[in-house]
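Chemist: Below is the file input.cif, which contains mmCIF, C-alpha atoms.
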```
data_run
#
loop_
_atom_site.label_atom_id
_atom_site.label_comp_id
_atom_site.auth_asym_id
_atom_site.auth_seq_id
_atom_site.Cartn_x
_atom_site.Cartn_y
_atom_site.Cartn_z
CA ARG A 1 13.69 -19.64 -17.95
CA LYS A 2 11.81 -22.42 -19.65
CA GLN A 3 8.79 -22.54 -21.92
CA PRO A 4 5.95 -24.83 -20.76
CA SER A 5 6.05 -28.40 -22.04
CA TYR A 6 3.60 -31.27 -21.72
CA SER A 7 3.60 -35.05 -21.58
CA ASN A 8 0.96 -35.30 -24.30
CA LEU A 9 -1.68 -33.37 -26.24
CA GLU A 10 -4.47 -34.23 -23.81
CA GLU A 11 -2.55 -32.77 -20.89
CA MET A 12 -1.90 -29.56 -22.83
CA LEU A 13 -5.57 -29.15 -23.78
CA THR A 14 -6.74 -29.92 -20.24
CA ILE A 15 -4.40 -27.35 -18.71
CA THR A 16 -5.36 -24.81 -21.38
CA ALA A 17 -9.04 -25.38 -20.63
CA LYS A 18 -8.51 -24.77 -16.91
CA CYS A 19 -6.56 -21.55 -17.56
CA TYR A 20 -8.73 -20.30 -20.42
CA ARG A 21 -10.07 -16.76 -20.14
CA ARG A 22 -12.14 -14.95 -22.72
CA SER A 23 -11.14 -11.33 -23.26
CA LEU A 24 -13.45 -9.00 -21.34
CA TRP A 25 -12.64 -6.10 -23.63
CA LEU A 26 -12.67 -7.66 -27.08
CA ASP A 27 -16.13 -6.33 -27.92
CA MET A 28 -15.94 -3.21 -25.75
CA GLY A 29 -15.75 0.19 -27.37
CA VAL A 30 -12.82 1.34 -25.21
CA ASN A 31 -9.32 0.29 -24.19
CA VAL A 32 -8.48 0.63 -20.47
CA GLU A 33 -4.99 0.58 -18.93
CA ILE A 34 -3.59 1.19 -15.45
CA TRP A 35 -0.17 2.87 -15.33
CA LEU A 36 2.06 2.84 -12.26
CA GLU A 37 5.28 4.68 -11.47
CA LYS A 38 6.67 2.16 -8.96
CA ASP A 39 7.37 -1.50 -9.57
CA ALA A 40 7.25 -2.10 -5.79
CA LEU A 41 3.49 -1.48 -5.88
CA SER A 42 2.75 -3.66 -8.88
CA GLY A 43 1.69 -6.54 -6.63
CA VAL A 44 -0.90 -4.30 -5.00
CA LEU A 45 -2.62 -3.29 -8.23
CA PHE A 46 -2.07 -6.48 -10.22
CA ASP A 47 -4.76 -8.23 -8.16
CA VAL A 48 -7.25 -5.75 -9.60
CA THR A 49 -5.94 -5.49 -13.16
CA GLU A 50 -5.63 -9.26 -13.46
CA GLU A 51 -9.22 -9.76 -12.32
CA TRP A 52 -10.46 -7.20 -14.85
CA ASP A 53 -8.20 -8.43 -17.69
CA VAL A 54 -6.60 -4.97 -17.93
CA PRO A 55 -2.90 -4.23 -18.64
CA LEU A 56 -0.78 -2.94 -15.75
CA MET A 57 1.93 -0.73 -17.24
CA VAL A 58 4.83 -0.08 -14.81
CA THR A 59 7.10 2.80 -15.81
CA ARG A 60 9.75 2.46 -13.06
CA GLY A 61 10.20 6.22 -12.88
CA TYR A 62 10.56 7.93 -16.24
CA PRO A 63 9.62 5.36 -18.91
CA SER A 64 12.06 4.85 -21.76
CA LEU A 65 11.14 6.03 -25.25
CA THR A 66 11.13 2.39 -26.35
CA PHE A 67 8.58 1.56 -23.67
CA LEU A 68 6.41 4.52 -24.65
CA TYR A 69 6.72 3.79 -28.36
CA GLU A 70 5.62 0.18 -27.90
CA ALA A 71 2.78 1.26 -25.62
CA GLY A 72 1.67 3.87 -28.13
CA GLN A 73 1.76 1.37 -30.97
CA GLY A 74 -0.34 -0.97 -28.85
CA LEU A 75 -2.95 1.75 -28.45
CA GLU A 76 -2.93 2.34 -32.20
CA ARG A 77 -3.40 -1.36 -32.98
CA CYS A 78 -6.29 -1.55 -30.56
CA GLY A 79 -8.11 1.10 -32.57
CA LYS A 80 -10.34 2.24 -29.69
CA PRO A 81 -10.46 5.30 -27.44
CA ALA A 82 -7.94 4.73 -24.63
CA TYR A 83 -8.55 5.44 -20.96
CA ILE A 84 -5.30 5.53 -19.02
CA TYR A 85 -5.30 5.84 -15.23
CA TYR A 86 -2.02 6.75 -13.56
CA PHE A 87 -0.64 6.17 -10.05
CA GLY A 88 2.57 7.93 -8.98
CA ASP A 89 4.35 10.04 -6.37
CA TYR A 90 3.59 13.67 -5.66
CA ASP A 91 7.01 15.31 -5.86
CA PRO A 92 8.87 17.32 -8.52
CA SER A 93 9.73 14.30 -10.66
CA GLY A 94 6.51 12.45 -9.81
CA VAL A 95 4.44 15.33 -11.15
CA ASP A 96 6.56 15.57 -14.30
CA ILE A 97 6.54 11.85 -15.17
CA PRO A 98 2.83 11.61 -16.10
CA ARG A 99 3.12 14.86 -18.07
CA VAL A 100 5.95 13.43 -20.17
CA THR A 101 4.23 10.05 -20.40
CA GLU A 102 1.00 11.52 -21.73
CA ARG A 103 2.82 13.80 -24.18
CA GLU A 104 4.89 10.97 -25.67
CA LEU A 105 1.95 8.55 -25.84
CA ARG A 106 0.00 11.11 -27.86
CA LYS A 107 3.01 11.47 -30.13
CA PHE A 108 3.35 7.71 -30.67
CA ALA A 109 -0.39 7.10 -30.99
CA PRO A 110 -1.54 10.09 -33.08
CA ASN A 111 -4.70 8.39 -34.33
CA THR A 112 -5.94 7.29 -30.93
CA GLU A 113 -8.20 9.26 -28.63
CA ILE A 114 -6.32 9.22 -25.31
CA ASN A 115 -8.02 10.09 -22.02
CA PHE A 116 -5.27 10.38 -19.41
CA GLU A 117 -6.14 10.78 -15.72
CA ILE A 118 -3.93 10.86 -12.63
CA LEU A 119 -5.64 8.94 -9.82
CA ALA A 120 -2.93 9.28 -7.16
CA VAL A 121 -1.24 11.20 -5.76
CA THR A 122 -3.08 14.21 -7.14
CA GLY A 123 -2.08 16.98 -4.71
CA GLU A 124 -2.90 18.79 -1.50
CA GLU A 125 -6.60 17.93 -1.50
CA GLN A 126 -5.95 14.19 -1.71
CA ILE A 127 -3.15 14.46 0.87
CA LYS A 128 -5.63 16.00 3.33
CA GLU A 129 -8.43 13.59 2.40
CA PHE A 130 -6.34 10.51 3.25
CA ASN A 131 -4.17 12.21 5.89
CA LEU A 132 -1.06 11.11 4.01
CA ILE A 133 2.42 11.21 5.51
CA THR A 134 4.56 13.83 3.78
CA ARG A 135 8.31 14.35 3.51
CA PRO A 136 10.43 17.41 2.73
CA THR A 137 10.83 17.98 -1.00
CA LYS A 138 14.35 17.24 -2.19
CA LYS A 139 16.06 20.45 -3.20
CA SER A 140 18.52 18.41 -5.26
CA ASP A 141 15.75 17.69 -7.76
CA THR A 142 16.17 20.24 -10.54
CA ARG A 143 12.38 20.49 -10.84
CA SER A 144 11.87 21.50 -7.20
CA LYS A 145 11.97 25.22 -8.01
CA SER A 146 8.53 25.08 -9.60
CA PHE A 147 7.12 22.65 -7.02
CA LYS A 148 5.33 23.95 -3.94
CA GLY A 149 4.73 22.11 -0.68
CA GLU A 150 5.94 18.81 0.70
CA SER A 151 6.22 15.56 -1.21
CA VAL A 152 4.21 12.35 -0.84
CA GLU A 153 4.94 8.88 -2.13
CA VAL A 154 2.09 6.93 -3.65
CA ASP A 155 3.00 4.14 -1.20
CA ALA A 156 1.58 6.36 1.56
CA ILE A 157 -1.94 5.57 0.34
CA PRO A 158 -3.16 2.32 1.93
CA SER A 159 -3.16 -0.62 -0.46
CA LYS A 160 -6.88 -1.18 0.02
CA ILE A 161 -7.64 2.37 -1.13
CA LEU A 162 -5.34 2.06 -4.17
CA ARG A 163 -7.07 -1.16 -5.20
CA THR A 164 -10.50 0.41 -4.72
CA MET A 165 -9.51 3.38 -6.89
CA ALA A 166 -8.36 1.13 -9.71
CA ASP A 167 -11.39 -1.15 -9.39
CA GLN A 168 -13.84 1.75 -9.57
CA VAL A 169 -12.42 3.42 -12.67
CA ILE A 170 -12.17 0.11 -14.55
CA SER A 171 -15.66 -1.06 -13.61
CA ASN A 172 -17.12 2.23 -14.87
CA HIS A 173 -16.34 1.07 -18.41
CA ILE A 174 -18.19 -2.26 -18.36
CA SER A 175 -21.67 -3.22 -17.18
CA ASP A 176 -22.53 -6.15 -14.91
CA GLU A 177 -24.71 -7.58 -17.69
CA GLU A 178 -21.79 -7.65 -20.10
CA ILE A 179 -19.55 -9.31 -17.51
CA PHE A 180 -22.11 -12.05 -16.87
CA ARG A 181 -22.57 -12.58 -20.62
CA ILE A 182 -18.84 -12.97 -21.23
CA LYS A 183 -18.37 -15.23 -18.20
CA ASP A 184 -21.17 -17.51 -19.42
CA ILE A 185 -19.51 -17.79 -22.85
CA GLU A 186 -16.13 -18.38 -21.19
CA GLN A 187 -17.52 -21.24 -19.10
CA LEU A 188 -19.14 -22.89 -22.13
CA GLU A 189 -15.93 -22.62 -24.14
CA ARG A 190 -13.90 -24.02 -21.25
CA GLU A 191 -16.24 -26.99 -20.99
CA THR A 192 -15.96 -27.55 -24.75
CA LEU A 193 -12.15 -27.66 -24.50
CA MET A 194 -12.35 -30.16 -21.65
CA GLN A 195 -14.66 -32.39 -23.70
CA LEU A 196 -12.45 -32.16 -26.79
CA ALA A 197 -9.19 -32.97 -24.98
CA PRO A 198 -9.47 -36.80 -24.81
CA TYR A 199 -11.06 -36.99 -28.30
CA ILE A 200 -8.32 -34.97 -30.01
CA ALA A 201 -5.56 -36.74 -28.08
CA GLY A 202 -6.96 -40.11 -29.13
CA ASN A 203 -6.86 -39.14 -32.81
#
```
The structure in this file should be written as structure tokens.
Modeler:
Amino acid sequence: RKQPSYSNLEEMLTITAKCYRRSLWLDMGVNVEIWLEKDALSGVLFDVTEEWDVPLMVTRGYPSLTFLYEAGQGLERCGKPAYIYYFGDYDPSGVDIPRVTERELRKFAPNTEINFEILAVTGEEQIKEFNLITRPTKKSDTRSKSFKGESVEVDAIPSKILRTMADQVISNHISDEEIFRIKDIEQLERETLMQLAPYIAGN
């Protein structure tokens, strides 16, 4: 791994100007995050979260306490009501993971209002709605005794539908007018950086 380096100050400022993005959520009254059980699907949802400037939190199964602690502290520092939308499998462990995740987040962020919603896979109704492919539930999973029906992996939902789900819940928290306002400011600030680059480098 290597940190970025530049030939001179002007190059650094020019590259920074091209990459510059103003936070969409800085002045918003809420904090929005997308949580995902499987790293293999991160590429599917990152297209959406990156566009909306929203964190994509990948648990890779049961998240570690360190991961949850740091996430909870991040919610506390933000100081806004949090809206967390979760994507995961529908099986004994898949149903338990968001339960544990929500419980521990509330423990590590006691002063934050947390709104936790499972978007997929939610259960039999969603399985029928999207005609999802099921598989026999593993009896080796110690949690299978309290789980009824067959299991479904979140991967069974077409990528386009997963992206649409994420896009819709995020966009509900920000108006088109606010987006246009922030984008206008972002463009002006980017242009300012571009104009300053040769002047600062020359001094």
Chemist: Which residues are close to A:Ile161, i.e. within 10 Å by only C-alpha atoms, leaving aside same-chain residues fewer than 5 positions away? Reply as a list of chain:residue names.
Modeler: A:Phe130, A:Ala166, A:Asp167
Chemist: Give as a list in words the residues that the PyMOL selection byres ((chain A and resi 29-33) around 8) matches when applied to the coordinates above.
Modeler: Trp25, Asp27, Met28, Ile34, Trp35, Val54, Pro55, Leu56, Met57, Leu75, Cys78, Lys80, Pro81, Ala82, Tyr83, Ile84, Tyr85, Ile170 and His173 of chain A
Chemist: Which residue gives the smallest distance to A:Arg163 among A:Thr59, A:Phe87, A:Arg22, A:Leu68, with all atoms listed in the file counted?
Modeler: A:Phe87
Chemist: Using the file's own x, y and z axes, what box holds all listed atoms of stretch 46-52 of chain A with 8 Å on each side, keeping edges along x, y and z, and what are its centre and edge lengths in Å to one decimal, as lines of an AutoDock Vina configuration file?
Modeler:
```
center_x = -6.3
center_y = -7.6
center_z = -11.5
size_x = 24.4
size_y = 20.3
size_z = 22.7
```
Chemist: Excluding same-chain residues fewer than 5 positions from A:Glu153, what lies within 9 Å of it counting only C-alpha atoms, as an MDAnalysis selection string?
Modeler: chainID A and resid 88:91 94 121 132:135
Chemist: Which value, in Å to one decimal, gives the distance between atom CA of A:Ser64 and atom CA of A:Tyr86?
Modeler: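 One can read the atom CA of A:Ser64 to atom CA of A:Tyr86 distance as 16.4 Å.
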Chemist: Please evaluate the PyMOL selection byres ((chain A and resi 65) around 12) against the displayed coordinates and give the resulting residues as a PyMOL selection string.
Modeler: chain A and resi 59+62-64+66-73+100-101+103-105+107-108
Chemist: Exactly which residues make up the result of the PyMOL selection byres ((chain A and resi 136) around 10) on this file, given as a short mmCIF file (atom, residue, chain, number, x, y, z; two decimals) with C-alpha atoms, in the frame of the given file?
Modeler:
```
data_model
loop_
_atom_site.label_atom_id
_atom_site.label_comp_id
_atom_site.auth_asym_id
_atom_site.auth_seq_id
_atom_site.Cartn_x
_atom_site.Cartn_y
_atom_site.Cartn_z
CA ASP A 91 7.01 15.31 -5.86
CA THR A 134 4.56 13.83 3.78
CA ARG A 135 8.31 14.35 3.51
CA THR A 137 10.83 17.98 -1.00
CA LYS A 138 14.35 17.24 -2.19
CA LYS A 139 16.06 20.45 -3.20
CA GLY A 149 4.73 22.11 -0.68
CA GLU A 150 5.94 18.81 0.70
CA SER A 151 6.22 15.56 -1.21
CA VAL A 152 4.21 12.35 -0.84
#
```
Chemist: What is the atom CA of A:Cys19 to atom CA of A:Glu50 distance in Å?
Modeler: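 A separation of 13.0 Å between them.
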Chemist: With distances taken over only C-alpha atoms, which of A:Val58, A:Leu193, A:Asp53, A:Arg143 is nearest to A:Ser23?
Modeler: A:Asp53
